[in-house]
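As stored in upload-v8.cif (mmCIF, C-alpha atoms and all ligand atoms):
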data_my_file
#
loop_
_atom_site.label_atom_id
_atom_site.label_comp_id
_atom_site.auth_asym_id
_atom_site.auth_seq_id
_atom_site.Cartn_x
_atom_site.Cartn_y
_atom_site.Cartn_z
CA MET M 391 -1.21 -32.97 146.90
CA THR M 392 1.67 -35.31 146.49
CA ASP M 393 0.70 -36.92 143.24
CA MET M 394 1.03 -35.84 139.62
CA THR M 395 -0.10 -36.60 136.09
CA ALA M 396 2.29 -38.55 133.90
CA ALA M 397 2.13 -40.02 130.40
CA LEU M 398 3.01 -43.67 130.86
CA LEU M 399 4.44 -45.90 128.16
CA LYS M 400 2.79 -49.19 129.12
CA GLU M 401 3.53 -51.30 126.04
CA PHE M 402 5.91 -50.72 123.14
CA GLY M 403 4.32 -49.41 120.00
CA THR M 404 1.01 -48.51 121.60
CA SER M 405 -0.42 -45.27 122.84
CA PHE M 406 0.53 -43.58 126.09
CA ALA M 407 -1.76 -43.70 129.12
CA LEU M 408 -2.33 -40.58 131.20
CA THR M 409 -2.00 -41.74 134.81
CA ARG M 410 -1.83 -40.31 138.31
CA LEU M 411 1.44 -41.23 139.99
CA ALA M 412 3.12 -40.31 143.25
CA ARG M 413 5.40 -37.30 142.86
CA PRO M 414 9.05 -38.32 142.85
CA ARG M 415 10.88 -37.86 146.15
CA PRO M 416 14.28 -36.21 145.57
CA GLY M 417 17.24 -38.17 146.96
CA PRO M 418 20.39 -36.61 148.46
CA GLY M 419 21.78 -33.91 146.18
CA GLU M 420 18.65 -33.92 144.04
CA ALA M 421 16.21 -31.18 143.13
CA LEU M 422 12.48 -31.42 142.54
CA ILE M 423 11.48 -29.76 139.28
CA ARG M 424 8.05 -28.74 138.03
CA VAL M 425 8.38 -29.77 134.38
CA ARG M 426 7.21 -27.08 131.93
CA ALA M 427 8.43 -28.45 128.60
CA ALA M 428 9.66 -31.79 127.28
CA GLY M 429 11.00 -32.07 123.75
CA LEU M 430 10.59 -35.31 121.79
CA CYS M 431 13.19 -36.71 119.45
CA GLY M 432 13.92 -39.68 117.20
CA THR M 433 15.32 -41.57 120.17
CA ASP M 434 11.95 -41.32 121.94
CA LEU M 435 10.28 -42.67 118.81
CA LYS M 436 12.68 -45.63 118.72
CA VAL M 437 12.24 -46.26 122.46
CA ALA M 438 8.43 -46.06 122.33
CA GLY M 439 8.43 -48.40 119.34
CA GLY M 440 10.56 -50.95 121.22
CA LYS M 441 13.36 -50.60 118.67
CA MET M 442 16.03 -49.12 120.86
CA ARG M 443 15.83 -50.42 124.42
CA PRO M 444 13.68 -53.55 124.16
CA GLY M 445 14.68 -54.47 127.71
CA LEU M 446 13.31 -51.22 129.15
CA ALA M 447 11.14 -51.97 132.17
CA LEU M 448 7.57 -50.88 131.48
CA PRO M 449 5.56 -48.92 132.41
CA ALA M 450 8.00 -46.04 131.97
CA VAL M 451 7.94 -42.24 131.85
CA ILE M 452 10.27 -41.27 128.99
CA GLY M 453 11.36 -37.84 127.67
CA HIS M 454 14.88 -36.46 128.06
CA GLU M 455 14.75 -32.85 126.77
CA ILE M 456 13.44 -31.14 129.87
CA ALA M 457 13.05 -27.64 131.23
CA GLY M 458 11.05 -26.44 134.18
CA GLU M 459 11.03 -24.53 137.44
CA VAL M 460 12.81 -25.46 140.63
CA VAL M 461 10.45 -26.54 143.40
CA SER M 462 13.18 -27.38 145.92
CA THR M 463 16.86 -28.20 146.12
CA SER M 464 18.77 -29.94 148.88
CA ASP M 465 20.94 -26.92 149.69
CA GLY M 466 18.73 -24.04 148.51
CA ALA M 467 21.38 -22.95 145.98
CA LEU M 468 18.68 -22.46 143.33
CA PRO M 469 15.65 -20.66 144.75
CA PRO M 470 12.14 -22.02 144.02
CA GLY M 471 10.91 -20.77 140.66
CA THR M 472 14.39 -20.69 139.06
CA ARG M 473 14.08 -21.55 135.36
CA VAL M 474 16.31 -24.55 134.69
CA ALA M 475 17.05 -26.98 131.91
CA CYS M 476 18.18 -30.49 132.78
CA HIS M 477 21.20 -32.02 131.06
CA PRO M 478 19.90 -35.57 130.81
CA TYR M 479 23.15 -37.57 130.86
CA LEU M 480 24.09 -38.70 134.35
CA THR M 481 27.72 -39.78 134.46
CA CYS M 482 29.88 -41.68 136.96
CA GLY M 483 32.86 -39.31 137.15
CA ARG M 484 35.22 -42.26 137.71
CA CYS M 485 35.59 -44.22 134.44
CA ALA M 486 38.30 -43.66 131.81
CA SER M 487 36.01 -41.56 129.59
CA CYS M 488 34.98 -39.35 132.51
CA ALA M 489 38.65 -38.98 133.54
CA ARG M 490 39.43 -37.68 130.04
CA GLY M 491 36.52 -35.26 130.22
CA ASN M 492 34.55 -37.25 127.63
CA THR M 493 31.61 -37.66 129.97
CA ASN M 494 29.27 -38.20 127.01
CA THR M 495 30.81 -41.66 126.53
CA CYS M 496 30.87 -42.51 130.25
CA ALA M 497 30.94 -46.28 130.73
CA HIS M 498 28.14 -46.01 133.28
CA ILE M 499 26.13 -43.28 131.60
CA ALA M 500 22.46 -43.10 132.56
CA LEU M 501 19.84 -41.10 130.72
CA VAL M 502 17.02 -39.25 132.38
CA GLY M 503 13.94 -40.50 130.56
CA LEU M 504 15.35 -43.96 129.91
CA ASP M 505 17.27 -45.19 132.94
CA ARG M 506 15.15 -43.16 135.33
CA GLN M 507 11.93 -41.17 135.16
CA GLY M 508 11.77 -38.69 132.31
CA GLY M 509 10.01 -35.46 131.44
CA LEU M 510 6.57 -36.62 130.32
CA ALA M 511 5.22 -35.93 133.81
CA GLU M 512 4.44 -32.87 135.89
CA TYR M 513 7.33 -33.37 138.32
CA LEU M 514 10.82 -34.76 138.10
CA ALA M 515 13.62 -35.39 140.60
CA VAL M 516 17.13 -34.98 139.17
CA PRO M 517 20.65 -34.43 140.51
CA GLU M 518 21.24 -30.72 141.06
CA THR M 519 24.53 -31.03 139.15
CA SER M 520 22.51 -31.67 135.96
CA LEU M 521 20.65 -28.33 136.13
CA ILE M 522 21.48 -25.28 134.02
CA PRO M 523 19.63 -22.01 134.77
CA PHE M 524 18.56 -19.95 131.77
CA ALA M 525 17.33 -16.46 130.96
CA GLU M 526 13.81 -15.13 131.50
CA HIS M 527 13.41 -14.36 127.78
CA THR M 528 14.20 -17.93 126.69
CA SER M 529 11.09 -20.11 126.49
CA PHE M 530 10.84 -23.39 128.36
CA ALA M 531 10.41 -25.17 125.01
CA ALA M 532 13.58 -23.64 123.59
CA ALA M 533 15.54 -24.42 126.75
CA ALA M 534 14.26 -28.01 126.80
CA VAL M 535 15.31 -28.78 123.23
CA SER M 536 18.64 -27.06 123.83
CA MET M 537 19.58 -29.99 126.08
CA ASP M 538 19.60 -32.43 123.19
CA ALA M 539 18.76 -30.99 119.78
CA VAL M 540 21.10 -28.02 120.23
CA ALA M 541 23.67 -29.53 122.64
CA THR M 542 24.14 -32.69 120.53
CA THR M 543 24.68 -30.59 117.42
CA TRP M 544 26.99 -28.25 119.32
CA HIS M 545 29.10 -31.21 120.43
CA ALA M 546 29.10 -32.68 116.90
CA LEU M 547 30.19 -29.46 115.17
CA HIS M 548 32.38 -27.74 117.76
CA GLY M 549 33.58 -30.75 119.77
CA ARG M 550 34.00 -33.56 117.26
CA GLY M 551 33.99 -31.50 114.05
CA ARG M 552 36.46 -28.82 115.20
CA LEU M 553 34.41 -26.28 113.25
CA LYS M 554 36.35 -23.18 112.21
CA ALA M 555 35.25 -19.84 110.79
CA GLY M 556 35.42 -19.66 107.01
CA GLU M 557 34.98 -23.40 106.47
CA ARG M 558 32.50 -24.88 104.04
CA VAL M 559 30.00 -26.96 106.00
CA ILE M 560 27.28 -29.22 104.62
CA VAL M 561 24.43 -30.39 106.82
CA ILE M 562 22.78 -33.60 105.61
CA GLY M 563 19.27 -33.84 107.03
CA ALA M 564 17.59 -30.66 108.22
CA GLY M 565 15.56 -32.27 110.98
CA GLY M 566 15.62 -31.52 114.70
CA LEU M 567 19.43 -31.64 114.86
CA GLY M 568 20.32 -30.42 111.39
CA LEU M 569 18.39 -27.15 111.50
CA ASN M 570 20.22 -26.20 114.67
CA GLY M 571 23.43 -27.27 112.95
CA VAL M 572 22.80 -24.70 110.23
CA GLN M 573 22.48 -21.91 112.82
CA ILE M 574 25.47 -23.08 114.86
CA ALA M 575 27.73 -23.35 111.79
CA ALA M 576 26.56 -20.07 110.25
CA GLY M 577 26.92 -18.41 113.65
CA ALA M 578 30.54 -19.61 113.80
CA GLY M 579 31.30 -17.93 110.48
CA ALA M 580 31.06 -21.00 108.25
CA LYS M 581 29.52 -21.12 104.80
CA VAL M 582 26.64 -23.59 105.02
CA ALA M 583 24.79 -25.77 102.53
CA VAL M 584 22.01 -28.25 103.30
CA VAL M 585 20.88 -31.50 101.72
CA ASP M 586 17.34 -32.58 102.61
CA ARG M 587 14.55 -34.37 100.76
CA ASN M 588 11.80 -32.16 102.19
CA PRO M 589 11.24 -28.83 100.36
CA HIS M 590 9.70 -27.21 103.46
CA ARG M 591 12.74 -28.09 105.51
CA ARG M 592 15.00 -26.73 102.79
CA GLU M 593 13.10 -23.42 102.96
CA VAL M 594 13.47 -23.28 106.74
CA ALA M 595 17.19 -24.04 106.42
CA LEU M 596 17.57 -21.07 104.07
CA ALA M 597 15.80 -18.84 106.58
CA ASP M 598 18.11 -20.19 109.30
CA GLY M 599 21.28 -19.14 107.51
CA ALA M 600 22.11 -21.74 104.84
CA ASP M 601 23.22 -20.18 101.58
CA ARG M 602 22.48 -23.22 99.43
CA VAL M 603 19.86 -25.96 99.88
CA VAL M 604 19.41 -28.98 97.61
CA ALA M 605 17.54 -32.29 97.40
CA PHE M 606 19.44 -35.61 97.47
CA ASP M 607 19.16 -35.99 93.68
CA ASP M 608 20.63 -32.53 93.12
CA THR M 609 23.83 -32.71 95.16
CA ALA M 610 25.97 -32.43 92.00
CA SER M 611 24.94 -28.75 91.89
CA LEU M 612 26.80 -28.20 95.18
CA ARG M 613 30.00 -28.30 93.12
CA GLU M 614 29.00 -24.81 91.95
CA TRP M 615 28.78 -23.78 95.59
CA SER M 616 32.15 -25.32 96.38
CA ALA M 617 34.13 -26.97 93.60
CA GLU M 618 36.43 -28.81 96.01
CA GLY M 619 33.66 -30.08 98.29
CA ALA M 620 33.07 -29.49 101.97
CA ASP M 621 35.60 -29.22 104.80
CA LEU M 622 33.10 -30.48 107.35
CA ILE M 623 29.86 -32.43 106.92
CA LEU M 624 27.29 -33.08 109.60
CA GLU M 625 25.47 -36.33 108.79
CA ALA M 626 22.26 -36.15 110.78
CA THR M 627 20.00 -38.60 108.96
CA GLY M 628 21.56 -41.84 110.19
CA SER M 629 20.74 -43.35 106.78
CA ARG M 630 22.92 -45.07 104.22
CA ALA M 631 21.89 -42.48 101.61
CA GLY M 632 22.90 -39.70 103.97
CA PHE M 633 26.29 -41.23 104.70
CA ASP M 634 27.05 -42.00 101.03
CA THR M 635 26.04 -38.46 100.08
CA ALA M 636 28.29 -37.03 102.79
CA VAL M 637 31.31 -39.03 101.60
CA SER M 638 30.69 -37.99 98.00
CA LEU M 639 30.70 -34.30 98.95
CA LEU M 640 33.85 -34.20 101.09
CA ALA M 641 36.84 -32.13 100.06
CA ASP M 642 40.25 -33.81 100.32
CA GLY M 643 41.15 -33.89 104.00
CA GLY M 644 37.51 -33.30 104.89
CA ARG M 645 35.72 -34.56 107.99
CA VAL M 646 32.30 -36.11 108.26
CA VAL M 647 30.71 -36.18 111.70
CA CYS M 648 27.94 -38.73 112.09
CA CYS M 649 25.40 -37.98 114.79
CA GLY M 650 22.46 -39.83 113.25
CA TYR M 651 22.16 -43.58 113.50
CA THR M 652 19.85 -46.48 112.74
CA PRO M 653 20.13 -49.62 114.88
CA GLY M 654 21.59 -52.43 112.78
CA LEU M 655 22.47 -50.27 109.76
CA LYS M 656 26.05 -50.57 108.49
CA PHE M 657 27.92 -47.77 106.72
CA GLY M 658 30.72 -48.40 104.24
CA MET M 659 33.09 -46.46 102.02
CA ASP M 660 35.86 -46.98 99.52
CA SER M 661 39.12 -47.65 101.36
CA THR M 662 41.27 -46.02 98.67
CA GLY M 663 39.42 -42.73 99.03
CA LEU M 664 39.53 -42.91 102.81
CA ALA M 665 43.32 -43.35 102.90
CA GLY M 666 44.31 -41.55 99.71
CA ARG M 667 42.27 -38.42 100.33
CA GLU M 668 42.86 -38.40 104.09
CA LEU M 669 39.18 -38.33 104.91
CA SER M 670 38.03 -38.43 108.52
CA VAL M 671 34.85 -40.16 109.61
CA VAL M 672 33.95 -39.40 113.20
CA GLY M 673 31.07 -40.45 115.38
CA SER M 674 29.45 -38.05 117.78
CA ARG M 675 27.30 -38.99 120.71
CA GLY M 676 25.18 -36.69 122.81
CA SER M 677 26.91 -33.91 124.67
CA THR M 678 28.91 -33.12 127.76
CA PHE M 679 27.51 -30.82 130.44
CA ALA M 680 29.86 -28.11 129.12
CA ASP M 681 28.44 -28.52 125.58
CA ALA M 682 24.90 -28.22 126.94
CA ALA M 683 25.78 -25.11 128.96
CA ALA M 684 27.46 -23.53 125.89
CA ALA M 685 24.47 -24.42 123.71
CA LEU M 686 21.96 -22.95 126.17
CA ALA M 687 24.08 -19.80 126.51
CA ALA M 688 24.02 -19.45 122.70
CA VAL M 689 20.22 -19.75 122.83
CA ASP M 690 20.03 -17.15 125.64
CA ARG M 691 22.16 -14.79 123.50
CA GLY M 692 19.87 -15.33 120.51
CA ASP M 693 22.69 -16.81 118.40
CA VAL M 694 20.68 -20.03 118.04
CA ARG M 695 16.87 -19.99 117.91
CA PRO M 696 15.83 -23.64 118.17
CA ARG M 697 13.12 -24.51 115.70
CA ILE M 698 9.96 -25.66 117.45
CA ASP M 699 7.68 -27.46 115.00
CA SER M 700 4.67 -27.75 117.28
CA GLU M 701 3.62 -27.78 120.91
CA TYR M 702 1.21 -30.25 122.48
CA ARG M 703 -0.25 -30.67 125.97
CA LEU M 704 0.56 -33.79 127.98
CA ASP M 705 -2.90 -35.23 127.21
CA GLN M 706 -2.07 -34.90 123.49
CA VAL M 707 1.12 -36.95 123.71
CA ASP M 708 -0.16 -39.52 121.18
CA ASP M 709 -0.76 -36.74 118.65
CA ALA M 710 2.74 -35.43 119.34
CA PHE M 711 4.28 -38.84 118.64
CA ALA M 712 2.18 -39.14 115.48
CA ARG M 713 3.59 -35.82 114.30
CA LEU M 714 7.10 -36.96 115.17
CA GLY M 715 6.55 -40.26 113.37
CA SER M 716 5.24 -38.51 110.26
CA ARG M 717 8.80 -37.24 109.64
CA GLN M 718 7.24 -33.99 108.43
CA ALA M 719 8.17 -31.94 111.49
CA LEU M 720 10.09 -28.71 110.86
CA GLY M 721 12.15 -28.70 114.04
CA ARG M 722 11.24 -30.19 117.38
CA VAL M 723 7.91 -31.46 118.64
CA VAL M 724 7.50 -30.33 122.26
CA ILE M 725 5.13 -31.21 125.06
CA VAL M 726 4.33 -28.18 127.23
CA LEU M 727 2.95 -28.65 130.73
ZN ZN M 801 17.04 -37.01 122.13
ZN ZN M 802 32.04 -42.30 133.72
#
Turn this file's structure into structure tokens for me.
Ligand SMILES: [Zn+2]
Ligand SMILES: [Zn+2]
Amino acid sequence: MTDMTAALLKEFGTSFALTRLARPRPGPGEALIRVRAAGLCGTDLKVAGGKMRPGLALPAVIGHEIAGEVVSTSDGALPPGTRVACHPYLTCGRCASCARGNTNTCAHIALVGLDRQGGLAEYLAVPETSLIPFAEHTSFAAAAVSMDAVATTWHALHGRGRLKAGERVIVIGAGGLGLNGVQIAAGAGAKVAVVDRNPHRREVALADGADRVVAFDDTASLREWSAEGADLILEATGSRAGFDTAVSLLADGGRVVCCGYTPGLKFGMDSTGLAGRELSVVGSRGSTFADAAAALAAVDRGDVRPRIDSEYRLDQVDDAFARLGSRQALGRVVIVL
């Protein structure tokens, strides 16, 4: 048996087709992985809808939050059956960003599940340097979403946000990233509030460690929680309303880290406030391998328990995308194989 089942994206905006394909053949320095879980995120929705990478060659196997078991490696360093997550960003190691250690903005970055075959298939070949082993007690689904939903938030809060214990942190948007942000910030000793339009998400955020949750039309009440505003805000909605809300809730000298985005959408803010109050607006993109390893270690320790909204089989991938597109998900939607 040298073939496998894969969910193929054949045309943008349409359903996936379950297809038999040849199993990938690992190249030099690559491992063959039996995929056991693939998380889906907003990026996958944009890609499948043709909104993010319209030039993507179809048919394609997407999916970049991947965990599975090692089938083989080139040097045998990881024995067959080893539980591994795959950090999906493949970097060149030679550009200016890589030289500074900012591999997440590598000039030649390639994403597993976009620039090469992704996780919506039974097998995957990836460079061994992208693999991170994880504990027996961590589920494949949790490990898979750690590679993006947790690692991206880890990078945003710890890397770009310079999160410190005792700070007041507001998370705008308690979706796949934001709910992990609540746990990461609370776990680091911050005081956390959440702004989200969905009452179910607000409830989950409370359970995950937020001490105040509000809707967008009730953010004025956060002044009772912190009269001065927030030291650090994670903007995870990528919407104009989210950004404007974040700016309005910043303390003097506060930082807003934007990890959400919408292609074509422009943000803006009052220049007097930006200069006069010494506000910082920072973008945050993906994660480095070190962020992903730290995030997965936090999951192994139980410090972060990634929220899994629902699990679907590979033959239910259309239902999974419908759930993702409904914007009702409480945490990640995951395909388990
Ligand atoms: Zn993603
Ligand atoms: Zn590079």
(request) Please indicate the distance in Å from atom CA of Leu640 of chain M to atom CA of His548 of chain M, rounded to one decimal place. (result)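 Interatomic distance here is 17.9 Å.
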What's the 10 Å shell around Glu557 of chain M, counting all atoms listed in the file, without same-chain residues fewer than 5 positions away, as a compact mmCIF listing (two decimals) with C-alpha atoms, in the frame of the given file?
# COMPACT_ATOMS: atom_id res chain seq x y z
CA ALA M 575 27.73 -23.35 111.79
CA ALA M 576 26.56 -20.07 110.25
CA ALA M 578 30.54 -19.61 113.80
CA GLY M 579 31.30 -17.93 110.48
CA ALA M 580 31.06 -21.00 108.25
CA LYS M 581 29.52 -21.12 104.80
CA VAL M 582 26.64 -23.59 105.02
CA ALA M 620 33.07 -29.49 101.97
CA ASP M 621 35.60 -29.22 104.80
CA LEU M 622 33.10 -30.48 107.35
Taking only residues of chain M that have an atom at most 10 Å from an atom of ligand ZN 802 (chain M), what is each one's shortest atom pair and its distance in Å to one decimal, using all atoms listed in the file, in chain and number order, as a Markdown table?
| residue | atom | partner | partner_atom | distance |
| --- | --- | --- | --- | --- |
| M:Leu480 | CA | M:ZN802 | ZN | 8.7 |
| M:Thr481 | CA | M:ZN802 | ZN | 5.1 |
| M:Cys482 | CA | M:ZN802 | ZN | 3.9 |
| M:Gly483 | CA | M:ZN802 | ZN | 4.6 |
| M:Arg484 | CA | M:ZN802 | ZN | 5.1 |
| M:Cys485 | CA | M:ZN802 | ZN | 4.1 |
| M:Ala486 | CA | M:ZN802 | ZN | 6.7 |
| M:Ser487 | CA | M:ZN802 | ZN | 5.8 |
| M:Cys488 | CA | M:ZN802 | ZN | 4.3 |
| M:Ala489 | CA | M:ZN802 | ZN | 7.4 |
| M:Arg490 | CA | M:ZN802 | ZN | 9.5 |
| M:Gly491 | CA | M:ZN802 | ZN | 9.0 |
| M:Asn492 | CA | M:ZN802 | ZN | 8.3 |
| M:Thr493 | CA | M:ZN802 | ZN | 6.0 |
| M:Asn494 | CA | M:ZN802 | ZN | 8.3 |
| M:Thr495 | CA | M:ZN802 | ZN | 7.3 |
| M:Cys496 | CA | M:ZN802 | ZN | 3.7 |
| M:Ala497 | CA | M:ZN802 | ZN | 5.1 |
| M:His498 | CA | M:ZN802 | ZN | 5.4 |
| M:Ile499 | CA | M:ZN802 | ZN | 6.4 |
| M:Ala500 | CA | M:ZN802 | ZN | 9.7 |
(request) Compare M:Ala597, M:Ala534, M:Val637, M:Leu612 by their minimum atom-to-atom distance to ligand ZN 801 (chain M), counting all atoms listed in the file, and give me the closest one. (result)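 Smallest distance to ligand ZN 801 (chain M) is found for M:Ala534.
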(message) If we count all atoms listed in the file and set the cut-off at 9 Å, which residues sit around Thr627 of chain M, ignoring sequence neighbours fewer than 6 positions away in its own chain? Please answer as a PyMOL selection string.
(response) chain M and resi 562-565+568+633+648-652
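Computed from the coordinates, the atom CA of Gly663 of chain M to atom CA of Gly644 of chain M distance equals 11.3 Å.
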Each residue of chain M with at least one atom at most 7 Å from ligand ZN 801 (chain M) should appear once, together with its nearest atom pair and the corresponding distance in Å (one decimal); atoms considered: all atoms listed in the file; ordering: chain, then increasing residue number; output as a Markdown table.
| residue | atom | partner | partner_atom | distance |
| --- | --- | --- | --- | --- |
| M:Leu430 | CA | M:ZN801 | ZN | 6.7 |
| M:Cys431 | CA | M:ZN801 | ZN | 4.7 |
| M:Gly432 | CA | M:ZN801 | ZN | 6.4 |
| M:Thr433 | CA | M:ZN801 | ZN | 5.3 |
| M:Asp434 | CA | M:ZN801 | ZN | 6.7 |
| M:His454 | CA | M:ZN801 | ZN | 6.3 |
| M:Glu455 | CA | M:ZN801 | ZN | 6.6 |
| M:Asp538 | CA | M:ZN801 | ZN | 5.4 |
| M:Ala539 | CA | M:ZN801 | ZN | 6.7 |
Restricted to C-alpha atoms, what would the selected residues look like written as a PDB file, keeping the file's coordinate frame?
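Here's the written file result.pdb:
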ATOM      1  CA  LEU M 430      10.590 -35.310 121.790  1.00  0.00           C
ATOM      2  CA  CYS M 431      13.190 -36.710 119.450  1.00  0.00           C
ATOM      3  CA  GLY M 432      13.920 -39.680 117.200  1.00  0.00           C
ATOM      4  CA  THR M 433      15.320 -41.570 120.170  1.00  0.00           C
ATOM      5  CA  ASP M 434      11.950 -41.320 121.940  1.00  0.00           C
ATOM      6  CA  HIS M 454      14.880 -36.460 128.060  1.00  0.00           C
ATOM      7  CA  GLU M 455      14.750 -32.850 126.770  1.00  0.00           C
ATOM      8  CA  ASP M 538      19.600 -32.430 123.190  1.00  0.00           C
ATOM      9  CA  ALA M 539      18.760 -30.990 119.780  1.00  0.00           C
TER      10      ALA M 539
END
(message) Would you pick out the contacts of Leu501 of chain M at 10 Å or less, using only C-alpha atoms, so that residues sharing its chain but fewer than 4 positions from it are not included, and give the list as an MDAnalysis selection string?
(response) chainID M and resid 452:454 477:481 505:508
(request) Name the closest residue to Ala397 of chain M among the candidates M:Arg424, M:Ile560, M:Leu510, M:Ile522; distances are taken between atoms, counting only C-alpha atoms. (result) M:Leu510
Hey, could you patch up segment 679-703 of chain M with N, CA and C atoms and hand it over as a PDB file, in the frame of the given file?
ATOM      1  N   PHE M 679      28.189 -31.901 129.724  1.00  0.00           N
ATOM      2  CA  PHE M 679      27.510 -30.820 130.440  1.00  0.00           C
ATOM      3  C   PHE M 679      28.005 -29.468 129.916  1.00  0.00           C
ATOM      4  N   ALA M 680      29.310 -29.379 129.623  1.00  0.00           N
ATOM      5  CA  ALA M 680      29.860 -28.110 129.120  1.00  0.00           C
ATOM      6  C   ALA M 680      29.271 -27.761 127.748  1.00  0.00           C
ATOM      7  N   ASP M 681      29.093 -28.773 126.871  1.00  0.00           N
ATOM      8  CA  ASP M 681      28.440 -28.520 125.580  1.00  0.00           C
ATOM      9  C   ASP M 681      27.031 -27.971 125.792  1.00  0.00           C
ATOM     10  N   ALA M 682      26.297 -28.619 126.710  1.00  0.00           N
ATOM     11  CA  ALA M 682      24.900 -28.220 126.940  1.00  0.00           C
ATOM     12  C   ALA M 682      24.839 -26.796 127.490  1.00  0.00           C
ATOM     13  N   ALA M 683      25.763 -26.464 128.401  1.00  0.00           N
ATOM     14  CA  ALA M 683      25.780 -25.110 128.960  1.00  0.00           C
ATOM     15  C   ALA M 683      26.127 -24.088 127.869  1.00  0.00           C
ATOM     16  N   ALA M 684      27.087 -24.438 126.993  1.00  0.00           N
ATOM     17  CA  ALA M 684      27.460 -23.530 125.890  1.00  0.00           C
ATOM     18  C   ALA M 684      26.301 -23.376 124.915  1.00  0.00           C
ATOM     19  N   ALA M 685      25.605 -24.471 124.637  1.00  0.00           N
ATOM     20  CA  ALA M 685      24.470 -24.420 123.710  1.00  0.00           C
ATOM     21  C   ALA M 685      23.346 -23.559 124.270  1.00  0.00           C
ATOM     22  N   LEU M 686      23.042 -23.733 125.562  1.00  0.00           N
ATOM     23  CA  LEU M 686      21.960 -22.950 126.170  1.00  0.00           C
ATOM     24  C   LEU M 686      22.343 -21.475 126.257  1.00  0.00           C
ATOM     25  N   ALA M 687      23.622 -21.196 126.486  1.00  0.00           N
ATOM     26  CA  ALA M 687      24.080 -19.800 126.510  1.00  0.00           C
ATOM     27  C   ALA M 687      23.917 -19.176 125.117  1.00  0.00           C
ATOM     28  N   ALA M 688      24.192 -19.958 124.060  1.00  0.00           N
ATOM     29  CA  ALA M 688      24.020 -19.450 122.700  1.00  0.00           C
ATOM     30  C   ALA M 688      22.542 -19.159 122.420  1.00  0.00           C
ATOM     31  N   VAL M 689      21.663 -19.981 122.978  1.00  0.00           N
ATOM     32  CA  VAL M 689      20.220 -19.750 122.830  1.00  0.00           C
ATOM     33  C   VAL M 689      19.817 -18.499 123.615  1.00  0.00           C
ATOM     34  N   ASP M 690      20.314 -18.351 124.837  1.00  0.00           N
ATOM     35  CA  ASP M 690      20.030 -17.150 125.640  1.00  0.00           C
ATOM     36  C   ASP M 690      20.483 -15.879 124.910  1.00  0.00           C
ATOM     37  N   ARG M 691      21.634 -15.953 124.233  1.00  0.00           N
ATOM     38  CA  ARG M 691      22.160 -14.790 123.500  1.00  0.00           C
ATOM     39  C   ARG M 691      21.379 -14.501 122.227  1.00  0.00           C
ATOM     40  N   GLY M 692      20.601 -15.497 121.762  1.00  0.00           N
ATOM     41  CA  GLY M 692      19.870 -15.330 120.510  1.00  0.00           C
ATOM     42  C   GLY M 692      20.687 -15.765 119.297  1.00  0.00           C
ATOM     43  N   ASP M 693      21.874 -16.333 119.518  1.00  0.00           N
ATOM     44  CA  ASP M 693      22.690 -16.810 118.400  1.00  0.00           C
ATOM     45  C   ASP M 693      22.067 -18.041 117.755  1.00  0.00           C
ATOM     46  N   VAL M 694      21.398 -18.857 118.555  1.00  0.00           N
ATOM     47  CA  VAL M 694      20.680 -20.030 118.040  1.00  0.00           C
ATOM     48  C   VAL M 694      19.231 -19.908 118.507  1.00  0.00           C
ATOM     49  N   ARG M 695      18.293 -20.010 117.572  1.00  0.00           N
ATOM     50  CA  ARG M 695      16.870 -19.990 117.910  1.00  0.00           C
ATOM     51  C   ARG M 695      16.313 -21.364 117.535  1.00  0.00           C
ATOM     52  N   PRO M 696      16.235 -22.274 118.510  1.00  0.00           N
ATOM     53  CA  PRO M 696      15.830 -23.640 118.170  1.00  0.00           C
ATOM     54  C   PRO M 696      14.463 -23.646 117.488  1.00  0.00           C
ATOM     55  N   ARG M 697      14.380 -24.395 116.424  1.00  0.00           N
ATOM     56  CA  ARG M 697      13.120 -24.510 115.700  1.00  0.00           C
ATOM     57  C   ARG M 697      12.162 -25.412 116.469  1.00  0.00           C
ATOM     58  N   ILE M 698      11.005 -24.859 116.820  1.00  0.00           N
ATOM     59  CA  ILE M 698       9.960 -25.660 117.450  1.00  0.00           C
ATOM     60  C   ILE M 698       8.902 -25.895 116.381  1.00  0.00           C
ATOM     61  N   ASP M 699       8.689 -27.147 116.025  1.00  0.00           N
ATOM     62  CA  ASP M 699       7.680 -27.460 115.000  1.00  0.00           C
ATOM     63  C   ASP M 699       6.286 -27.240 115.548  1.00  0.00           C
ATOM     64  N   SER M 700       6.021 -27.789 116.732  1.00  0.00           N
ATOM     65  CA  SER M 700       4.670 -27.750 117.280  1.00  0.00           C
ATOM     66  C   SER M 700       4.732 -28.041 118.769  1.00  0.00           C
ATOM     67  N   GLU M 701       3.710 -27.549 119.470  1.00  0.00           N
ATOM     68  CA  GLU M 701       3.620 -27.780 120.910  1.00  0.00           C
ATOM     69  C   GLU M 701       2.318 -28.504 121.213  1.00  0.00           C
ATOM     70  N   TYR M 702       2.381 -29.474 122.087  1.00  0.00           N
ATOM     71  CA  TYR M 702       1.210 -30.250 122.480  1.00  0.00           C
ATOM     72  C   TYR M 702       1.141 -30.305 124.000  1.00  0.00           C
ATOM     73  N   ARG M 703      -0.091 -30.451 124.528  1.00  0.00           N
ATOM     74  CA  ARG M 703      -0.250 -30.670 125.970  1.00  0.00           C
ATOM     75  C   ARG M 703       0.064 -32.141 126.289  1.00  0.00           C
TER      76      ARG M 703
END
